[in-house]
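In what follows, a single structure is set out as structure tokens and then discussed.
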Amino acid sequence: MKEYAKYEYKKLPEVNRPVISVCVAVYNSREYLPGSIDSILSQTYDNLEVILVDDGSTDGSELICDEYGRKDARVRVIHKSNGGLYTTRNAGIEAATGDYICFMDGDDYLDPDAYEHMLSALIAENADLSVVRYRLIYENGETSDKSTDRVLVFDGAEVLEQFLLEDEAVLIQNCAWNKLYKRSMIKDLRFPDRWYEDMLYTPKLLSRPVKSVYIDKAHHNYVCDRSSSIMNMGINKRIFTDLIPNLYDRTAYLESIGRHDLALISDYHLYKKLMGYVTEISASADPDRKRYLSKLDEYVRFGRDKFDEIFAIRCANPNEYRKIKIYLRSPRIYDLAMKINRDVRLPAIYRHMKKE
């Protein structure tokens with residue numbers, strides 16, 4: 001890995017400029033859609049092919065797409081019956097003709113120089129992929145942005161390992177929309193037909209590049225707290241039918257390409273996440289609480305023969321293994337310990353911090 005504390009972006013050529021295909025997933029996002037599309041069309045790098053894929057919208061978003069298609073020659077509109085986000089992303093890939101591909105959701109927006117910086121760094125470093133940090137935009141107007149000016153350059157599978165570590169200092173993440181890909185890199189890879197589709201797509205894609213660039217500056221603005229977003233649905237049946245199976249499939253994929261070391265990192269975060277779900281559901285009044293807890297218990301105990309190896313990896317927090325050992329001995333004792341931690345210990349720490 002190579003690191004630049006402050007990166008100098010080189011000017012892009014004025015002639016023979018590559019085309020970026022921007023595949024925008026649109027579904028009932030009328031309130032945000034004009035701002036999202038405008039942020040793309042006003043990019044400082046303007047050699048774009050903007051593909052608006054309307055996934056059967058019924059709130060007028062489909063009409064907004066058509067309006068933009070009429071007034072800007074760079075915009076192409078695809079209307080399709082509702083089939084879910086994975087079908088929308090795949091339709092965008094199939095329609096794209098650009099040298100590079102990126103994805104966008106119709107309720108997020110970009111900083112003006114996002115694509116210029118992503119493409120400039122990608123070309124300068126002779127990379128296949130560039131990734132940017134993103135800014136969280138809350139509906140109450142507050143933002144969360146931990147940007148710096150540094151840039152990291154990863155060789156080969158280094159970026160895949162960094163992704164799996166889930167390091168908040170290098171915010172690569174599962175999401176498809178904070179990345180710019182060489183079109184030749186995607187080849188025949190398509191999003192799987194399930195929710196949380198990028199959880200398996202992203203590691204498969206990250207195992208392909210020769211070189212990747214991570215720009216630690218928030219150029220993508222992710223609007224939070226949308227009630228219709230799957231990112232904000234809390235505990236629901238999709239966690240069990242799609243998200244958790246995706247994580248098991250991710251581990252299986254890593255094993256299939258001969259990266260047992262990375263499969264252990266994947267499993268570490270899987271079981272850490274499962275225990276988080278146990279804690280959250282135990283404290284909830286969800287009517288499906290007992291059924292969810294039973295299923296989670298099945299998932300946790302499924303991996304118990306591998307726990308010594310999983311929790312021995314370098315990035316593992318010993319406290320996570322202690323918690324899971326308590327749970328395996330007695331879910332009731334675990335639940336009580338988490339309740340004491342939530343209701344007594346954490347408030348006491350918070351009060352002490354306020355006094356200081």
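Just so we're on the same page: first chain in the structure tokens is A, next is B, and so on; residues restart at 1 for each chain, and ligands are numbered from 1 in the order they show up.
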Looking only at strand (DSSP E or B) from DSSP on the backbone, list the matching residues of range 139-261 of chain A as a ChimeraX atom specification. /A:143-144,151-155,179-182,211-223
Enumerate, as a ChimeraX atom specification, the complete set of residues in range 124-169 of chain A that a backbone-based DSSP assignment places in helix (DSSP H, G or I). /A:124,158-165
Closest atom pairs, range 29-111 of chain A residues within 12 Å of range 185-201 of chain A, only C-alpha atoms, as CSV:
residue,atom,partner,partner_atom,distance
A:Gly83,CA,A:Asp193,CA,9.4
A:Gly84,CA,A:Trp195,CA,7.9
A:Leu85,CA,A:Trp195,CA,7.7
A:Tyr86,CA,A:Phe191,CA,5.5
A:Thr87,CA,A:Asp193,CA,7.5
A:Thr88,CA,A:Phe191,CA,9.4
A:Arg89,CA,A:Phe191,CA,7.2
A:Asn90,CA,A:Arg190,CA,6.0
A:Ala91,CA,A:Arg190,CA,9.6
A:Gly92,CA,A:Arg190,CA,10.5
A:Ile93,CA,A:Arg190,CA,8.1
A:Glu94,CA,A:Arg190,CA,9.5
A:Ala96,CA,A:Ile186,CA,11.4
A:Asp99,CA,A:Met185,CA,10.3
A:Tyr100,CA,A:Met185,CA,9.1
A:Ile101,CA,A:Ile186,CA,8.7
A:Cys102,CA,A:Ile186,CA,10.7
A:Phe103,CA,A:Asp198,CA,11.3
Compile the contact shell of Val159 in chain A as a ChimeraX atom specification: residues with an atom at most 9 Å away, counting only C-alpha atoms, same-chain residues fewer than 3 positions apart removed. /A:1,153-156,162-164,172,206-207,209,211-214
Could you dump the residues just selected with N, CA and C atoms as a CSV table (one decimal), in the first residue's frame?
chain,number,residue,atom,x,y,z
A,1,MET,N,0.8,-1.2,0.0
A,1,MET,CA,0.0,0.0,0.0
A,1,MET,C,0.9,1.2,0.0
A,153,VAL,N,-3.2,3.9,-2.2
A,153,VAL,CA,-3.2,3.1,-3.4
A,153,VAL,C,-2.9,1.7,-3.0
A,154,PHE,N,-3.8,0.8,-3.4
A,154,PHE,CA,-3.7,-0.6,-3.0
A,154,PHE,C,-3.3,-1.4,-4.2
A,155,ASP,N,-2.4,-2.4,-4.0
A,155,ASP,CA,-2.1,-3.4,-5.1
A,155,ASP,C,-2.9,-4.7,-4.9
A,156,GLY,N,-3.4,-5.2,-6.0
A,156,GLY,CA,-4.0,-6.5,-5.9
A,156,GLY,C,-5.1,-6.6,-4.9
A,162,GLN,N,-8.6,-4.8,3.1
A,162,GLN,CA,-9.0,-3.5,3.8
A,162,GLN,C,-10.5,-3.4,3.9
A,163,PHE,N,-11.2,-3.8,2.8
A,163,PHE,CA,-12.7,-3.8,2.8
A,163,PHE,C,-13.2,-4.7,3.9
A,164,LEU,N,-12.7,-5.9,4.0
A,164,LEU,CA,-13.2,-6.8,5.0
A,164,LEU,C,-12.9,-6.4,6.4
A,172,ILE,N,-14.4,1.9,2.7
A,172,ILE,CA,-14.7,1.3,1.4
A,172,ILE,C,-16.1,0.8,1.3
A,206,LEU,N,-13.9,-6.7,-5.8
A,206,LEU,CA,-12.7,-6.2,-5.2
A,206,LEU,C,-11.6,-7.3,-5.3
A,207,SER,N,-11.9,-8.5,-5.6
A,207,SER,CA,-10.9,-9.6,-5.8
A,207,SER,C,-10.3,-9.5,-7.2
A,209,PRO,N,-9.3,-6.4,-9.2
A,209,PRO,CA,-8.5,-5.3,-9.7
A,209,PRO,C,-7.0,-5.6,-9.5
A,211,LYS,N,-5.0,-2.7,-9.4
A,211,LYS,CA,-4.7,-1.6,-8.5
A,211,LYS,C,-5.9,-0.8,-8.2
A,212,SER,N,-6.0,-0.3,-6.9
A,212,SER,CA,-7.2,0.5,-6.5
A,212,SER,C,-6.7,1.8,-5.8
A,213,VAL,N,-7.5,2.8,-5.9
A,213,VAL,CA,-7.2,4.1,-5.2
A,213,VAL,C,-8.4,4.4,-4.3
A,214,TYR,N,-8.0,4.7,-3.0
A,214,TYR,CA,-9.0,5.2,-2.1
A,214,TYR,C,-8.8,6.6,-1.8
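For the choices A:Ile137, A:Leu296, A:Leu152, A:Leu165, the atom-to-atom distance to Asp108 in chain A is smallest for A:Ile137 when using only C-alpha atoms.
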Which residues are close to range 68-80 of chain A, i.e. within 7 Å by only C-alpha atoms, leaving aside same-chain residues fewer than 6 positions away? Reply as a list in words. Leu48, Glu49, Val50, Ile51, Leu52, Val53, Asp54, Asp55 and Gly56 of chain A
Those residues with N, CA and C atoms, as a compact mmCIF listing (two decimals), in the first residue's frame please?
# COMPACT_ATOMS: atom_id res chain seq x y z
N LEU A 48 -20.15 12.49 -19.74
CA LEU A 48 -20.93 11.49 -19.02
C LEU A 48 -22.02 10.90 -19.89
N GLU A 49 -22.35 9.65 -19.59
CA GLU A 49 -23.55 8.99 -20.10
C GLU A 49 -24.38 8.67 -18.86
N VAL A 50 -25.50 9.38 -18.70
CA VAL A 50 -26.31 9.22 -17.49
C VAL A 50 -27.51 8.34 -17.83
N ILE A 51 -27.56 7.17 -17.20
CA ILE A 51 -28.62 6.19 -17.48
C ILE A 51 -29.56 6.16 -16.28
N LEU A 52 -30.75 6.72 -16.45
CA LEU A 52 -31.75 6.72 -15.39
C LEU A 52 -32.61 5.48 -15.55
N VAL A 53 -32.50 4.56 -14.59
CA VAL A 53 -33.26 3.32 -14.66
C VAL A 53 -34.42 3.40 -13.67
N ASP A 54 -35.60 3.64 -14.22
CA ASP A 54 -36.81 3.76 -13.40
C ASP A 54 -37.37 2.37 -13.14
N ASP A 55 -37.38 1.98 -11.87
CA ASP A 55 -37.81 0.63 -11.48
C ASP A 55 -39.30 0.61 -11.14
N GLY A 56 -40.12 1.08 -12.08
CA GLY A 56 -41.57 1.04 -11.89
C GLY A 56 -42.07 2.05 -10.88
Using only C-alpha atoms for the distances, tell me which of A:Ser284, A:Thr97, A:Asn246, A:Thr279 is nearest to Pro18 in chain A. A:Thr97
